[in-house]
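S.K.: My questions all concern the structure below.
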Amino acid sequence: MATLLFPLLLLPLLAANFLLSSPIPHHEQVVQEVNKSIDAYWGNLTSSGSSCRSGNPIDDCWRCDPRWARHRQRLADCAIGFGKNATGGRRGRIYVVTSSSDDPMNPKTGTLRYGVIQDQPLWIIFERDMVIKLEQELMMNSFKTLDGRGANVHIAGGPCITIHNVTNIIIHGLSIHDCKRGGGNAYVRDSPSHYRWRTRSDGDGISISRGSHIWVDHCSLSSCADGLIDAIRGSTAITISNNYMSHHNKVMLLGHKDSYKEDKNMRVTIAFNHFGDGLVQRMPRCRLGYFHVVNNDYTRWKMYAIGGSASPTINSQGNRFLAPDDQSSKEVTKHEHAAENVWKKWNWRSQGDMMLNGAFFVQSGEVSPSSYSRASSLSARPSSLVASITRTSGALNCTEGRFC
């Protein structure tokens, strides 16, 4: 096996835990393991002085290898946060999408839908640039990676991606936009041997329901009918990282509804994303669970950036918040569906965040670090580094044989 040209920072960590990828680790174990890997990474960065490195621990785990196309599955070693154990199609064979056509019931070999419904692990890549307009929502099966590196791949103009009651999914390097509500009232295949009757889909870019061990990285998302990324109905162990989101109203919903108690165990890391132009609200909007919002760049939201209801724990660390010019929208936060004497007990904190153009974060609940241990998934870097960490967010333009 060829020697990797850069340190695989997280490999020893994942090797130790690979066989335990199905159970969700205790929160303290997640924090300790991820912090150890990131501290090691920053030590290596300081000593190496490599000009390829960006200061982003996920990117610097793989982007400095000019032979990344030969080592595609090593991307799975680079996840951090609550979704760090998502293996996707690692150790499965490579499946190449050669056609942009779609048939929801009888997908043909070479199409995206044929690959994602298979029962075995698959690492799915794309032969060439393509725009895929799906006829119905794309129902994914477990242990799949969608890897758009090396091609300009758009999923747009129709229903988009559904991750329902499955586990171990990685979505990387796709442009997902202009997603529409599905026509519904149709059978849609979700495995080679099974199909199900589906009503109209919501029009999310990525819809996660009862999913676990999910990692969405370096995607560009915009202009969908509902949310860009929604996670509901007991989904957990999710990392959303390095994405560029723009031109959308309700960006990200995490939690089904206030009364849906299964979402109390939801844990989501939102790291290194750029919330860009034309966004209105829900970056994210949280319910009931534990949410680590760390080292993201927020650019001039129209209503608010981070909101929630039903007593979620929100740990905001090392983010950069640039408020809009509108004086009525300077507040980063929105406590929803509760009187002040109720929401003041919710644990929401801002630690090391940079507030620009009059932005302010209304904290509530406890201040002790122990109150946020279950909403901590990695060590935050100083907010002064956010611009460099998020500089290349969104789908990348990678060329084989060169640093990506």
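Residues are referred to by chain and number: the chain letter is A, B, ... according to the order shown in the structure tokens, the number counts from 1 in that chain, and ligands are numbered separately from 1 in the order shown.
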Please provide the set of residues having any atom within 12 Å of Asp230 (chain A), restricted to only C-alpha atoms, with same-chain residues fewer than 4 positions apart removed, written as a PyMOL selection string.
M.R.: chain A and resi 161-164+202-211+216+224+226+234-236+238+240+250-256+268+282-287
S.K.: Would you mind listing, for every residue of region 134-230 of chain A within 8 Å of region 116-120 of chain A, the two atoms forming the shortest contact and the distance between them in Å to one decimal, using only C-alpha atoms, sorted by chain and ascending residue number, as a Markdown table?
M.R.:
```
| residue | atom | partner | partner_atom | distance |
| --- | --- | --- | --- | --- |
| A:Met139 | CA | A:Ile117 | CA | 7.0 |
| A:Met140 | CA | A:Val116 | CA | 5.1 |
| A:Asn141 | CA | A:Ile117 | CA | 5.0 |
| A:Ser142 | CA | A:Asp119 | CA | 7.3 |
| A:Phe143 | CA | A:Gln120 | CA | 7.2 |
| A:Lys144 | CA | A:Val116 | CA | 6.6 |
| A:Arg189 | CA | A:Ile117 | CA | 7.3 |
| A:Asp190 | CA | A:Ile117 | CA | 5.1 |
| A:Ser191 | CA | A:Ile117 | CA | 4.4 |
| A:Pro192 | CA | A:Gln118 | CA | 6.1 |
```
S.K.: Since we have the selection now, will you write its residues out, keeping N, CA and C atoms, as a CSV table (one decimal), in the first residue's frame?
M.R.:
```csv
chain,number,residue,atom,x,y,z
A,139,MET,N,-34.1,7.6,-2.1
A,139,MET,CA,-34.1,6.9,-0.8
A,139,MET,C,-32.8,6.1,-0.7
A,140,MET,N,-32.0,6.5,0.3
A,140,MET,CA,-30.7,5.9,0.4
A,140,MET,C,-30.7,4.7,1.3
A,141,ASN,N,-29.9,3.7,1.1
A,141,ASN,CA,-29.7,2.5,1.9
A,141,ASN,C,-28.4,2.8,2.7
A,142,SER,N,-28.2,2.0,3.8
A,142,SER,CA,-27.1,2.2,4.7
A,142,SER,C,-25.8,1.9,4.1
A,143,PHE,N,-24.7,2.5,4.7
A,143,PHE,CA,-23.3,2.3,4.3
A,143,PHE,C,-23.0,2.7,2.9
A,144,LYS,N,-23.3,4.0,2.6
A,144,LYS,CA,-23.1,4.6,1.3
A,144,LYS,C,-22.3,5.9,1.5
A,189,ARG,N,-38.3,2.7,-4.8
A,189,ARG,CA,-37.5,1.6,-4.4
A,189,ARG,C,-36.4,2.1,-3.4
A,190,ASP,N,-36.2,1.4,-2.3
A,190,ASP,CA,-35.2,1.8,-1.3
A,190,ASP,C,-34.2,0.6,-1.1
A,191,SER,N,-34.4,-0.5,-1.7
A,191,SER,CA,-33.4,-1.6,-1.7
A,191,SER,C,-33.7,-2.4,-3.0
A,192,PRO,N,-32.8,-3.3,-3.3
A,192,PRO,CA,-33.1,-4.2,-4.5
A,192,PRO,C,-34.3,-5.0,-4.3
```
S.K.: Could you pull out the strand (DSSP E) residues of region 102-281 of chain A from DSSP and send them as a ChimeraX atom specification?
M.R.: /A:122-126,130-132,138-139,144-147,153-156,161-164,167-172,175-177,186-191,194-198,206-209,212-217,220-222,229-232,236-241,244-246,248-250,252-254,267-271,274-275,279-281
S.K.: Looking at A:Ser377, A:Ser371, A:Gln73, A:Ser329, which one is nearest to Lys302 (chain A), with distances taken over only C-alpha atoms?
M.R.: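 Residue with the minimum atom-to-atom distance to Lys302 (chain A): A:Ser329.
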S.K.: With distances taken over only C-alpha atoms, which residue among A:Arg74, A:Gly289, A:Met354, A:Ala395 lies nearest Arg374 (chain A)?
M.R.: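 Smallest separation from Arg374 (chain A) among the options: A:Gly289.
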